[in-house]
$ cat target33.cif   # mmCIF, C-alpha atoms and all ligand atoms
data_structure
#
loop_
_atom_site.label_atom_id
_atom_site.label_comp_id
_atom_site.auth_asym_id
_atom_site.auth_seq_id
_atom_site.Cartn_x
_atom_site.Cartn_y
_atom_site.Cartn_z
CA MET N 92 21.24 12.98 58.04
CA THR N 93 19.37 15.19 55.54
CA ASP N 94 21.47 17.99 54.06
CA THR N 95 18.71 20.49 53.30
CA LEU N 96 15.11 20.66 54.47
CA ILE N 97 12.71 23.04 52.74
CA HIS N 98 9.59 23.27 54.91
CA ASN N 99 6.49 25.27 55.69
CA ALA N 100 5.68 25.58 51.97
CA LEU N 101 2.91 24.57 49.64
CA VAL N 102 4.46 21.64 47.74
CA LEU N 103 3.36 20.49 44.30
CA THR N 104 5.12 17.21 43.52
CA LEU N 105 3.51 17.02 40.03
CA GLU N 106 3.45 13.27 40.39
CA PRO N 107 0.15 12.12 38.79
CA GLY N 108 -2.60 11.82 41.40
CA SER N 109 -0.61 13.55 44.12
CA PRO N 110 -2.49 16.51 45.70
CA PRO N 111 -0.85 19.82 46.73
CA LEU N 112 0.76 19.44 50.19
CA GLU N 113 -0.08 22.26 52.62
CA ARG N 114 2.69 22.84 55.18
CA GLY N 115 4.73 20.54 53.01
CA TYR N 116 8.42 19.75 53.09
CA VAL N 117 11.10 18.43 50.76
CA ALA N 118 14.22 16.82 52.23
CA ILE N 119 17.41 16.68 50.17
CA THR N 120 20.37 14.42 50.76
CA GLY N 121 23.35 14.88 48.48
CA SER N 122 22.03 15.54 44.98
CA ARG N 123 18.70 13.73 45.50
CA ILE N 124 15.33 14.13 47.14
CA SER N 125 15.22 11.86 50.20
CA ALA N 126 11.69 12.61 51.45
CA VAL N 127 8.59 14.63 50.61
CA GLY N 128 5.76 15.05 53.10
CA GLN N 129 3.64 17.23 55.36
CA ASP N 130 4.46 18.66 58.73
CA GLY N 131 2.48 16.69 61.35
CA PRO N 132 2.65 15.17 64.81
CA GLN N 133 5.63 13.03 63.75
CA GLY N 134 7.71 16.21 63.26
CA LEU N 135 10.17 17.11 60.52
CA PRO N 136 13.30 15.22 59.45
CA ALA N 137 16.53 16.51 61.05
CA ALA N 138 18.68 18.49 58.63
CA ARG N 139 21.95 20.44 58.47
CA GLU N 140 20.30 23.35 56.67
CA ARG N 141 16.65 24.34 57.14
CA LEU N 142 14.84 26.74 54.87
CA ASP N 143 11.52 28.07 56.14
CA ALA N 144 9.71 28.65 52.83
CA ARG N 145 6.61 30.28 54.36
CA GLY N 146 4.49 31.89 51.62
CA GLY N 147 6.34 29.91 48.97
CA LEU N 148 5.23 27.28 46.48
CA VAL N 149 7.76 24.50 45.86
CA LEU N 150 7.53 22.63 42.56
CA PRO N 151 9.84 20.78 40.17
CA GLY N 152 12.11 23.04 38.11
CA LEU N 153 10.90 23.84 34.60
CA VAL N 154 12.23 22.00 31.55
CA ASN N 155 12.96 24.04 28.42
CA THR N 156 13.10 21.50 25.56
CA HIS N 157 14.43 23.84 22.86
CA CYS N 158 16.87 26.73 22.94
CA HIS N 159 19.79 28.25 20.99
CA ALA N 160 21.61 29.86 23.92
CA PRO N 161 24.22 32.09 22.19
CA MET N 162 21.44 33.75 20.18
CA THR N 163 20.74 35.90 23.26
CA TRP N 164 23.22 38.27 21.52
CA PHE N 165 20.72 38.77 18.68
CA ARG N 166 17.73 39.55 20.91
CA GLY N 167 15.78 42.41 19.39
CA LEU N 168 18.29 42.97 16.60
CA ALA N 169 16.05 42.02 13.67
CA ASP N 170 12.34 41.75 14.39
CA ASP N 171 9.15 41.81 12.35
CA LEU N 172 10.67 40.18 9.26
CA PRO N 173 9.71 37.17 7.14
CA LEU N 174 11.56 34.02 8.33
CA GLU N 175 13.56 33.75 5.11
CA THR N 176 14.75 37.38 5.18
CA TRP N 177 15.44 37.15 8.89
CA PHE N 178 17.68 34.10 8.35
CA ARG N 179 19.36 35.02 5.08
CA ASP N 180 19.99 38.73 5.66
CA PHE N 181 20.57 38.84 9.42
CA ILE N 182 21.00 35.64 11.38
CA PHE N 183 23.27 33.66 9.00
CA PRO N 184 25.61 36.63 8.27
CA LEU N 185 25.87 37.43 12.01
CA GLU N 186 26.56 33.81 12.89
CA ARG N 187 29.19 33.42 10.19
CA GLY N 188 30.83 36.83 10.39
CA TRP N 189 30.55 37.94 13.98
CA LEU N 190 30.08 35.02 16.33
CA ASN N 191 33.17 33.24 17.69
CA PRO N 192 33.76 30.73 20.50
CA ASP N 193 34.30 33.40 23.16
CA ARG N 194 31.12 35.26 22.21
CA ALA N 195 29.17 31.99 22.07
CA TYR N 196 30.36 31.29 25.61
CA TRP N 197 29.25 34.68 26.99
CA GLY N 198 25.96 34.50 25.10
CA ALA N 199 25.36 31.07 26.65
CA LEU N 200 26.18 32.40 30.14
CA LEU N 201 23.65 35.18 29.58
CA ALA N 202 21.11 32.53 28.56
CA ALA N 203 21.98 30.49 31.66
CA ALA N 204 21.36 33.52 33.88
CA GLU N 205 18.00 34.20 32.25
CA LEU N 206 16.97 30.53 32.44
CA ILE N 207 17.93 30.21 36.11
CA ARG N 208 16.25 33.52 36.99
CA GLY N 209 13.07 32.15 35.41
CA GLY N 210 13.08 28.80 37.21
CA VAL N 211 14.37 26.58 34.40
CA THR N 212 16.48 23.76 35.84
CA THR N 213 16.84 21.66 32.66
CA VAL N 214 17.46 23.01 29.18
CA ALA N 215 18.01 21.41 25.79
CA ASP N 216 20.19 23.51 23.52
CA GLY N 217 21.17 23.09 19.88
CA TYR N 218 23.68 25.44 18.33
CA PHE N 219 27.13 25.91 16.81
CA TYR N 220 30.08 26.11 19.23
CA ALA N 221 28.23 23.62 21.43
CA ALA N 222 31.39 23.00 23.45
CA GLU N 223 31.22 26.63 24.62
CA VAL N 224 27.53 26.31 25.47
CA ARG N 225 28.31 23.16 27.44
CA ARG N 226 31.12 24.90 29.31
CA ALA N 227 28.79 27.79 30.24
CA PHE N 228 25.90 25.57 31.36
CA SER N 229 28.21 23.33 33.33
CA GLN N 230 29.64 26.37 35.12
CA ALA N 231 26.12 27.64 35.83
CA GLY N 232 25.14 24.28 37.35
CA LEU N 233 22.19 23.68 35.04
CA ARG N 234 21.00 20.26 33.96
CA ALA N 235 21.36 20.38 30.19
CA VAL N 236 21.16 18.41 26.98
CA VAL N 237 23.62 20.24 24.77
CA ALA N 238 23.65 19.41 21.07
CA GLN N 239 26.19 20.35 18.40
CA GLY N 240 24.26 22.00 15.58
CA ILE N 241 24.75 20.72 12.02
CA VAL N 242 23.93 22.27 8.64
CA ASP N 243 25.32 21.20 5.26
CA LEU N 244 26.56 24.76 4.70
CA PRO N 245 29.63 26.65 5.91
CA ALA N 246 28.82 27.20 9.60
CA PRO N 247 30.36 28.92 12.64
CA GLY N 248 33.27 26.79 13.80
CA VAL N 249 32.82 24.35 10.90
CA PRO N 250 33.64 26.25 7.68
CA ASP N 251 33.75 23.03 5.63
CA PRO N 252 30.49 21.04 5.95
CA ARG N 253 32.41 17.84 5.24
CA ASP N 254 33.76 18.16 8.81
CA ASN N 255 30.25 18.28 10.32
CA LEU N 256 30.01 14.74 11.59
CA ARG N 257 33.58 14.56 12.81
CA VAL N 258 33.13 17.74 14.87
CA ALA N 259 29.81 16.48 16.22
CA GLU N 260 31.22 13.08 17.13
CA GLU N 261 34.19 14.66 18.92
CA PHE N 262 31.77 16.86 20.83
CA VAL N 263 29.66 13.86 21.87
CA GLU N 264 32.72 11.82 22.88
CA SER N 265 34.17 14.63 25.00
CA GLY N 266 30.84 14.82 26.87
CA ARG N 267 32.00 12.04 29.19
CA ASP N 268 34.08 14.60 31.11
CA PHE N 269 31.06 16.67 32.10
CA GLY N 270 29.38 14.51 34.74
CA ASP N 271 25.76 13.61 35.39
CA LEU N 272 24.15 16.98 34.71
CA ILE N 273 25.19 17.31 31.08
CA THR N 274 24.19 15.16 28.11
CA SER N 275 26.07 15.81 24.86
CA THR N 276 24.38 15.02 21.56
CA ILE N 277 23.53 16.31 18.03
CA PHE N 278 20.98 18.71 16.55
CA CYS N 279 20.48 18.65 12.77
CA HIS N 280 19.06 22.05 11.91
CA SER N 281 16.39 20.72 9.54
CA ALA N 282 15.57 18.43 6.62
CA TYR N 283 16.09 21.35 4.21
CA THR N 284 19.54 22.44 5.47
CA CYS N 285 20.92 18.91 6.03
CA GLY N 286 21.17 16.36 3.23
CA PRO N 287 19.91 12.78 3.54
CA GLU N 288 23.35 11.28 4.24
CA THR N 289 24.05 13.81 7.00
CA LEU N 290 20.67 13.14 8.61
CA LYS N 291 21.17 9.38 8.49
CA SER N 292 24.73 9.48 9.84
CA ALA N 293 23.94 11.95 12.63
CA LYS N 294 20.93 9.90 13.68
CA ALA N 295 23.00 6.67 13.64
CA LEU N 296 25.69 8.30 15.74
CA THR N 297 23.23 9.30 18.46
CA ARG N 298 21.04 6.19 18.27
CA THR N 299 23.92 3.79 18.96
CA ARG N 300 24.70 5.82 22.09
CA GLY N 301 21.08 6.01 23.26
CA LEU N 302 21.10 9.81 22.96
CA PRO N 303 18.23 12.13 22.01
CA PHE N 304 18.47 13.56 18.48
CA PHE N 305 16.97 16.95 17.65
CA LEU N 306 15.79 18.65 14.50
CA HIS N 307 13.41 21.43 13.48
CA LEU N 308 10.50 19.71 11.73
CA ALA N 309 7.57 21.13 9.79
CA GLU N 310 8.10 24.64 11.14
CA THR N 311 6.83 26.60 8.13
CA ARG N 312 4.74 26.12 5.05
CA GLN N 313 7.78 27.01 2.91
CA GLU N 314 9.76 24.17 4.48
CA MET N 315 7.01 21.71 3.66
CA GLU N 316 6.80 22.90 0.06
CA GLU N 317 10.60 22.80 -0.31
CA ILE N 318 10.87 19.19 0.94
CA GLN N 319 7.94 18.17 -1.24
CA ARG N 320 9.53 19.80 -4.27
CA ARG N 321 12.85 18.05 -3.64
CA THR N 322 11.61 14.61 -2.61
CA GLY N 323 7.95 14.35 -3.57
CA LEU N 324 7.25 13.59 0.09
CA ARG N 325 6.03 15.44 3.14
CA PRO N 326 8.83 16.12 5.69
CA GLY N 327 7.66 13.40 8.11
CA ALA N 328 7.43 10.68 5.44
CA TYR N 329 10.77 11.77 3.97
CA LEU N 330 12.54 11.52 7.34
CA ASP N 331 10.82 8.23 8.09
CA GLY N 332 12.19 6.85 4.81
CA LEU N 333 15.67 7.80 6.04
CA GLY N 334 15.06 5.97 9.32
CA VAL N 335 15.37 9.16 11.34
CA LEU N 336 12.07 8.96 13.23
CA ASP N 337 12.06 6.98 16.47
CA GLU N 338 11.48 7.41 20.22
CA LEU N 339 14.85 9.18 20.64
CA THR N 340 14.05 11.85 18.05
CA VAL N 341 12.77 15.24 19.21
CA ALA N 342 10.88 17.11 16.49
CA VAL N 343 10.99 20.83 17.25
CA HIS N 344 7.97 22.97 16.22
CA ALA N 345 5.88 20.27 14.42
CA VAL N 346 3.46 22.90 13.12
CA TRP N 347 2.56 21.79 9.60
CA LEU N 348 1.30 18.28 10.30
CA THR N 349 -1.56 16.50 8.56
CA GLU N 350 -3.53 13.82 10.43
CA GLU N 351 -1.34 11.29 8.63
CA ASP N 352 1.87 13.05 9.75
CA GLN N 353 0.62 13.07 13.34
CA ASP N 354 -0.20 9.33 13.17
CA LEU N 355 3.32 8.70 11.89
CA LEU N 356 4.96 10.65 14.76
CA ALA N 357 2.77 8.77 17.26
CA LEU N 358 3.58 5.40 15.67
CA ARG N 359 7.34 6.03 15.78
CA GLY N 360 7.25 7.45 19.32
CA VAL N 361 8.78 10.77 18.19
CA LYS N 362 8.79 13.47 20.87
CA VAL N 363 7.70 17.04 20.13
CA SER N 364 9.03 20.37 21.41
CA HIS N 365 6.30 23.02 21.19
CA CYS N 366 7.60 26.61 20.91
CA PRO N 367 4.48 28.77 20.63
CA GLU N 368 6.04 32.24 21.09
CA SER N 369 8.59 31.68 18.33
CA ASN N 370 5.93 30.19 16.05
CA LEU N 371 3.71 33.24 16.53
CA LYS N 372 6.49 35.81 16.16
CA LEU N 373 7.75 34.30 12.90
CA ALA N 374 4.15 33.67 11.76
CA ALA N 375 5.04 30.00 11.29
CA GLY N 376 1.65 28.73 12.43
CA VAL N 377 0.02 26.86 15.31
CA ALA N 378 1.15 23.32 16.16
CA PRO N 379 -1.72 20.83 16.60
CA VAL N 380 -0.73 20.11 20.22
CA PRO N 381 -4.12 18.90 21.54
CA ASP N 382 -4.34 16.42 18.63
CA LEU N 383 -0.79 15.20 19.24
CA LEU N 384 -1.54 14.71 22.94
CA ALA N 385 -4.74 12.84 22.06
CA ARG N 386 -2.60 10.48 19.96
CA GLY N 387 -0.31 9.84 22.92
CA VAL N 388 2.63 11.88 21.57
CA THR N 389 4.89 13.24 24.32
CA VAL N 390 5.10 17.04 24.05
CA GLY N 391 7.30 19.49 25.97
CA LEU N 392 7.60 23.28 25.82
CA GLY N 393 10.51 25.26 24.42
CA THR N 394 11.40 28.91 24.12
CA ASP N 395 13.51 28.57 20.94
CA GLY N 396 16.34 31.14 20.71
CA ALA N 397 16.08 34.69 22.02
CA ALA N 398 16.25 36.05 18.46
CA SER N 399 12.81 34.67 17.64
CA ASN N 400 11.01 34.93 20.98
CA ASN N 401 12.59 37.33 22.38
CA ASN N 402 13.10 35.92 25.87
CA LEU N 403 13.82 32.53 27.45
CA ASP N 404 10.85 32.75 29.81
CA LEU N 405 9.03 29.42 30.02
CA TRP N 406 6.23 31.04 32.06
CA GLY N 407 5.37 33.03 28.96
CA GLU N 408 5.30 29.82 26.91
CA MET N 409 2.96 28.17 29.44
CA ASN N 410 0.67 31.18 29.51
CA LEU N 411 0.57 31.40 25.72
CA ALA N 412 0.21 27.65 25.09
CA ALA N 413 -2.76 27.50 27.47
CA ARG N 414 -4.53 30.38 25.68
CA LEU N 415 -3.45 29.85 22.07
CA HIS N 416 -5.00 26.42 21.58
CA LYS N 417 -8.23 27.62 23.12
CA VAL N 418 -8.70 30.51 20.70
CA TRP N 419 -7.36 28.57 17.71
CA ARG N 420 -10.04 25.90 18.28
CA HIS N 421 -12.72 28.14 19.78
CA ASP N 422 -12.62 25.72 22.70
CA PRO N 423 -11.92 27.08 26.21
CA THR N 424 -11.43 23.52 27.50
CA ALA N 425 -8.40 22.89 25.26
CA LEU N 426 -5.10 22.45 27.20
CA SER N 427 -5.98 22.89 30.87
CA ALA N 428 -3.61 24.52 33.37
CA PRO N 429 -2.52 21.17 34.92
CA GLN N 430 -1.87 19.80 31.41
CA VAL N 431 0.26 22.79 30.47
CA LEU N 432 2.24 22.65 33.73
CA ALA N 433 2.93 18.97 33.00
CA LEU N 434 4.28 19.90 29.54
CA ALA N 435 6.71 22.34 31.19
CA THR N 436 7.93 19.78 33.76
CA ARG N 437 7.28 16.02 33.69
CA GLN N 438 6.53 15.75 29.97
CA GLY N 439 9.50 17.96 29.12
CA ALA N 440 11.71 15.57 31.08
CA ARG N 441 10.20 12.68 29.10
CA VAL N 442 10.93 14.47 25.80
CA LEU N 443 14.61 14.62 26.80
CA GLY N 444 14.77 11.07 28.19
CA LEU N 445 15.39 12.40 31.72
CA THR N 446 12.34 11.10 33.61
CA ASP N 447 14.54 9.08 35.96
CA GLN N 448 16.25 12.30 36.97
CA THR N 449 13.86 15.21 36.95
CA GLY N 450 10.34 16.54 36.34
CA ALA N 451 8.66 15.57 39.65
CA LEU N 452 9.41 15.85 43.37
CA VAL N 453 9.74 12.21 44.32
CA PRO N 454 12.27 10.53 46.63
CA GLY N 455 15.11 9.15 44.54
CA LYS N 456 14.91 11.78 41.81
CA ALA N 457 17.42 14.60 41.59
CA ALA N 458 16.69 17.65 43.74
CA ASP N 459 15.74 19.93 40.82
CA LEU N 460 13.22 22.35 42.30
CA ILE N 461 12.12 25.95 42.43
CA ILE N 462 10.31 28.12 44.96
CA VAL N 463 7.77 30.66 43.74
CA ASP N 464 6.88 33.61 45.99
CA LEU N 465 3.08 33.52 46.40
CA ASN N 466 2.96 36.55 48.69
CA GLN N 467 2.26 39.05 45.91
CA PRO N 468 -0.79 40.97 44.69
CA HIS N 469 -1.09 39.17 41.36
CA LEU N 470 -1.00 35.75 43.08
CA THR N 471 -3.56 36.59 45.77
CA PRO N 472 -5.91 34.95 46.72
CA LEU N 473 -4.83 31.39 46.05
CA HIS N 474 -7.66 29.08 45.03
CA ASP N 475 -5.77 26.82 42.67
CA PRO N 476 -1.95 26.69 42.40
CA TYR N 477 -2.06 25.16 38.88
CA SER N 478 -4.13 28.09 37.66
CA HIS N 479 -1.78 30.64 39.23
CA LEU N 480 1.35 29.04 37.81
CA VAL N 481 0.01 28.93 34.25
CA TYR N 482 -2.20 32.03 34.01
CA ALA N 483 -0.87 34.54 36.55
CA ALA N 484 2.75 33.85 37.56
CA ARG N 485 5.79 35.37 35.85
CA ALA N 486 9.47 34.41 35.68
CA ARG N 487 10.34 37.09 38.25
CA ASP N 488 8.18 35.33 40.86
CA VAL N 489 10.83 32.59 41.16
CA ARG N 490 12.94 33.23 44.26
CA GLN N 491 14.99 30.04 44.70
CA VAL N 492 16.33 27.49 42.24
CA MET N 493 18.09 24.22 43.05
CA VAL N 494 19.60 21.69 40.62
CA GLY N 495 20.92 18.36 41.86
CA GLY N 496 20.91 19.59 45.47
CA ARG N 497 22.89 22.75 44.68
CA TRP N 498 21.41 26.24 44.95
CA LEU N 499 21.69 28.23 41.70
CA LEU N 500 19.45 31.08 42.86
CA ARG N 501 18.97 32.09 46.52
CA ARG N 502 16.49 34.80 47.53
CA GLY N 503 16.58 36.03 43.94
CA GLU N 504 20.41 36.23 43.82
CA PHE N 505 22.64 34.12 41.57
CA ALA N 506 24.71 31.60 43.52
CA THR N 507 26.84 30.22 40.66
CA LEU N 508 27.06 33.14 38.21
CA ASP N 509 28.56 36.61 38.40
CA TRP N 510 25.78 38.68 36.84
CA GLN N 511 27.77 41.94 36.80
CA GLU N 512 30.57 40.25 34.88
CA ILE N 513 28.17 38.69 32.35
CA ALA N 514 26.29 41.96 31.86
CA GLY N 515 29.60 43.81 31.42
CA GLN N 516 30.81 41.38 28.74
CA ILE N 517 27.54 41.60 26.84
CA ARG N 518 27.42 45.40 27.01
CA ALA N 519 31.01 45.59 25.78
CA GLY N 520 30.26 43.26 22.84
CA ARG N 521 27.00 44.95 21.89
CA GLU N 522 28.64 47.99 20.23
CA ASP N 523 30.73 45.75 18.04
CA LEU N 524 27.72 43.61 17.14
CA ALA N 525 25.65 46.69 16.31
CA ALA N 526 28.43 48.05 14.06
CA PHE N 527 28.68 44.69 12.30
CA GLY N 528 24.90 44.63 11.92
CA ARG N 529 24.94 48.12 10.36
CA SER N 530 27.57 46.98 7.87
CA LEU N 531 25.27 44.26 6.52
CA PRO N 532 23.54 45.06 3.21
CA ARG N 533 19.95 46.18 3.78
CA PRO N 534 17.38 43.71 2.46
ZN ZN N 601 15.01 26.48 17.02
#

$ encode --input "target33.cif" --output "structure tokens" --more "lines below"
Ligand SMILES: [Zn+2]
Amino acid sequence: MTDTLIHNALVLTLEPGSPPLERGYVAITGSRISAVGQDGPQGLPAARERLDARGGLVLPGLVNTHCHAPMTWFRGLADDLPLETWFRDFIFPLERGWLNPDRAYWGALLAAAELIRGGVTTVADGYFYAAEVRRAFSQAGLRAVVAQGIVDLPAPGVPDPRDNLRVAEEFVESGRDFGDLITSTIFCHSAYTCGPETLKSAKALTRTRGLPFFLHLAETRQEMEEIQRRTGLRPGAYLDGLGVLDELTVAVHAVWLTEEDQDLLALRGVKVSHCPESNLKLAAGVAPVPDLLARGVTVGLGTDGAASNNNLDLWGEMNLAARLHKVWRHDPTALSAPQVLALATRQGARVLGLTDQTGALVPGKAADLIIVDLNQPHLTPLHDPYSHLVYAARARDVRQVMVGGRWLLRRGEFATLDWQEIAGQIRAGREDLAAFGRSLPRP
């Protein structure tokens, strides 16, 4: 017998070629979708729990392909600064001097709450203290790819960079204890903060285990110039020479790409995480997403950390991505609403190597789904659900969130997290963080 039946909804499976299902239903057995269909003369499947989702739109949960969860602490602490100043004078000192495992854990729980509230069911995170992030996400019930962050500099939790790979490998190995929802892997911060041997070793470590490998790539013009100065090569060609580019590598940002760089990413099957809000806020630039898609590169959307965004709202990323590439190219046909919704769901799952699990509502896949409340002024009338989801909907329109058959949000209330406790911890830590911030030398 079916465990849960969600019925009487508009269902978007987001499977290519599948139309919206009026009076649709989704049946869930255990952690998986067992049936998707439309109410008709044959009646509905029997179920232990029935949810009448009248006025709701059911779709696959969103996939956030790039985040730094504990950075929720630094939201709004240092805005409107050049990237270099922002990093050198604020973010690095705060990470080294103030952050600790306990704070990373609470920051990650705050991120989990925000992600769930906004309909994200799968998130890829790369940061220091990844074991704490993993613990928080596991507790929240999210599907997550959690990566231990590496830089060849003294870092939070790894004061001696020579311990980088050992710490990362231990983190990956201990991932076996975390079940099906969590993948544990490695995130090298960038080609300018990690040396060639670190990049090669970290990539080898993940490749032999069939794990995705993340790094920031071609985010800013300064990065490009720095790599060129050091190696005589563009970042893509440099990494390719190290053997780092393949179908398991996720290049985050991918802004400063020539035609040649784009051909190289396509040839190697590299995946791209597009983070438009962060790129705009830090004035990094505009990633050539339509050109990458035309070359067959798989692209997903990411929020980046809350310090450079400043929220973890993937609806904002969809809305911006759909508009940004239009104005940048003076072409209103660039990145259509269905294309953008695919980036935030199915394509995001492909970026993370999770297409067997998530990204579409199809029998056999995990029951990772959300319900959006359509009965609201800004979503009325409904001509085209794709248009509404990309151009009009907001994170707060999400009312229900399920991951692997388990409710994480019910009628707008958290089912796995204690919001009052999280908010209390963050409020209590904020004073201390602000005092530490004030003690930093002014740039
Ligand atoms: Zn990032």

$ closest_residue --input "target33.cif" --among "N:Arg518, N:Asn191, N:Gly495, N:His157" --to "Val363 of chain N" --atoms "all atoms listed in the file"
N:His157

$ closest_residue --input "target33.cif" --among "N:Arg502, N:His344, N:Arg208, N:Arg179" --to "ligand ZN 601 (chain N)" --atoms "all atoms listed in the file"
N:His344

$ residues_around --input "target33.cif" --residues "Gly115 of chain N" --least-positions-apart "4" --cutoff "9 Å" --atoms "only C-alpha atoms" --output "PyMOL selection string"
chain N and resi 97-103+111+127-130+149

$ residues_around --input "target33.cif" --residues "segment 214-223 of chain N" --least-positions-apart "2" --cutoff "6 Å" --atoms "all atoms listed in the file" --output "PDB file with C-alpha atoms, keeping the file's coordinate frame"
ATOM      1  CA  VAL N 154      12.230  22.000  31.550  1.00  0.00           C
ATOM      2  CA  ASN N 155      12.960  24.040  28.420  1.00  0.00           C
ATOM      3  CA  THR N 156      13.100  21.500  25.560  1.00  0.00           C
ATOM      4  CA  HIS N 157      14.430  23.840  22.860  1.00  0.00           C
ATOM      5  CA  CYS N 158      16.870  26.730  22.940  1.00  0.00           C
ATOM      6  CA  HIS N 159      19.790  28.250  20.990  1.00  0.00           C
ATOM      7  CA  TYR N 196      30.360  31.290  25.610  1.00  0.00           C
ATOM      8  CA  ARG N 225      28.310  23.160  27.440  1.00  0.00           C
ATOM      9  CA  ARG N 226      31.120  24.900  29.310  1.00  0.00           C
ATOM     10  CA  ALA N 235      21.360  20.380  30.190  1.00  0.00           C
ATOM     11  CA  VAL N 236      21.160  18.410  26.980  1.00  0.00           C
ATOM     12  CA  VAL N 237      23.620  20.240  24.770  1.00  0.00           C
ATOM     13  CA  ALA N 238      23.650  19.410  21.070  1.00  0.00           C
ATOM     14  CA  GLN N 239      26.190  20.350  18.400  1.00  0.00           C
ATOM     15  CA  GLY N 240      24.260  22.000  15.580  1.00  0.00           C
ATOM     16  CA  PHE N 278      20.980  18.710  16.550  1.00  0.00           C
TER      17      PHE N 278
END

$ residues_around --input "target33.cif" --residues "Glu140 of chain N" --least-positions-apart "5" --cutoff "10 Å" --atoms "only C-alpha atoms" --output "ChimeraX atom specification"
/N:93-97,118-119

$ residues_around --input "target33.cif" --residues "Leu290 of chain N" --least-positions-apart "5" --cutoff "8 Å" --atoms "only C-alpha atoms" --output "list of chain:residue names"
N:Cys279, N:Ala282, N:Cys285, N:Leu333, N:Val335

$ closest_atom_pairs --input "target33.cif" --of "chain N" --to "ligand ZN 601 (chain N)" --cutoff "10 Å" --atoms "all atoms listed in the file" --output "CSV"
residue,atom,partner,partner_atom,distance
N:His157,CA,N:ZN601,ZN,6.4
N:Cys158,CA,N:ZN601,ZN,6.2
N:His159,CA,N:ZN601,ZN,6.5
N:Asp216,CA,N:ZN601,ZN,8.8
N:Gly217,CA,N:ZN601,ZN,7.6
N:Tyr218,CA,N:ZN601,ZN,8.8
N:Phe278,CA,N:ZN601,ZN,9.8
N:His280,CA,N:ZN601,ZN,7.9
N:Ser281,CA,N:ZN601,ZN,9.5
N:Phe305,CA,N:ZN601,ZN,9.7
N:Leu306,CA,N:ZN601,ZN,8.3
N:His307,CA,N:ZN601,ZN,6.4
N:Leu308,CA,N:ZN601,ZN,9.7
N:Glu310,CA,N:ZN601,ZN,9.3
N:Val343,CA,N:ZN601,ZN,6.9
N:His344,CA,N:ZN601,ZN,7.9
N:Ser364,CA,N:ZN601,ZN,9.6
N:Cys366,CA,N:ZN601,ZN,8.4
N:Ser369,CA,N:ZN601,ZN,8.4
N:Asn370,CA,N:ZN601,ZN,9.9
N:Gly393,CA,N:ZN601,ZN,8.7
N:Thr394,CA,N:ZN601,ZN,8.3
N:Asp395,CA,N:ZN601,ZN,4.7
N:Gly396,CA,N:ZN601,ZN,6.1
N:Ala397,CA,N:ZN601,ZN,9.7
N:Ala398,CA,N:ZN601,ZN,9.8
N:Ser399,CA,N:ZN601,ZN,8.5

$ axis_aligned_box --input "target33.cif" --around "segment 155-163 of chain N" --padding-each-side "3 Å" --output "lines of an AutoDock Vina configuration file"
center_x = 18.6
center_y = 28.7
center_z = 24.3
size_x = 17.3
size_y = 20.4
size_z = 14.2

$ residues_around --input "target33.cif" --residues "Leu339 of chain N" --least-positions-apart "4" --cutoff "8 Å" --atoms "all atoms listed in the file" --output "mmCIF file with C-alpha atoms, in the coordinates of the input"
data_model
loop_
_atom_site.group_PDB
_atom_site.id
_atom_site.type_symbol
_atom_site.label_atom_id
_atom_site.label_comp_id
_atom_site.auth_asym_id
_atom_site.auth_seq_id
_atom_site.Cartn_x
_atom_site.Cartn_y
_atom_site.Cartn_z
ATOM 1 C CA ARG N 298 21.040 6.190 18.270
ATOM 2 C CA GLY N 301 21.080 6.010 23.260
ATOM 3 C CA LEU N 302 21.100 9.810 22.960
ATOM 4 C CA PRO N 303 18.230 12.130 22.010
ATOM 5 C CA PHE N 304 18.470 13.560 18.480
ATOM 6 C CA GLY N 360 7.250 7.450 19.320
ATOM 7 C CA VAL N 361 8.780 10.770 18.190
ATOM 8 C CA LYS N 362 8.790 13.470 20.870
ATOM 9 C CA GLY N 444 14.770 11.070 28.190
#

$ residues_near_point --input "target33.cif" --point "(9.3, 15.2, 41.4)" --cutoff "6 Å" --atoms "all atoms listed in the file" --output "number ranges by chain"
N: 104, 151, 450-453

$ atom_distance --input "target33.cif" --atom1 "atom CA of Val492 of chain N" --atom2 "atom CA of Val211 of chain N"
8.1 Å

$ atom_distance --input "target33.cif" --atom1 "atom CA of Leu112 of chain N" --atom2 "atom CA of Gly387 of chain N"
28.9 Å

$ atom_distance --input "target33.cif" --atom1 "atom CA of Pro367 of chain N" --atom2 "atom CA of Arg320 of chain N"
26.9 Å

$ residues_near_point --input "target33.cif" --point "(23.1, 46.8, 7.9)" --cutoff "12 Å" --atoms "only C-alpha atoms" --output "PyMOL selection string"
chain N and resi 168-169+180-182+184-185+524-534

$ closest_residue --input "target33.cif" --among "N:Ala357, N:Ala375, N:Ala144, N:Leu296" --to "Met315 of chain N" --atoms "all atoms listed in the file"
N:Ala375

$ decode --input "target33.cif" --residues "segment 176-187 of chain N" --atoms "C-alpha atoms" --output "compact mmCIF listing (two decimals), in the first residue's frame"
# COMPACT_ATOMS: atom_id res chain seq x y z
CA THR N 176 39.21 43.53 0.33
CA TRP N 177 36.12 41.56 1.28
CA PHE N 178 38.16 38.33 1.50
CA ARG N 179 41.40 39.64 2.97
CA ASP N 180 40.04 42.12 5.52
CA PHE N 181 36.78 40.46 6.56
CA ILE N 182 36.02 36.91 5.51
CA PHE N 183 39.45 35.27 6.06
CA PRO N 184 40.02 36.93 9.50
CA LEU N 185 36.49 35.97 10.62
CA GLU N 186 36.91 32.40 9.43
CA ARG N 187 40.29 32.00 11.08
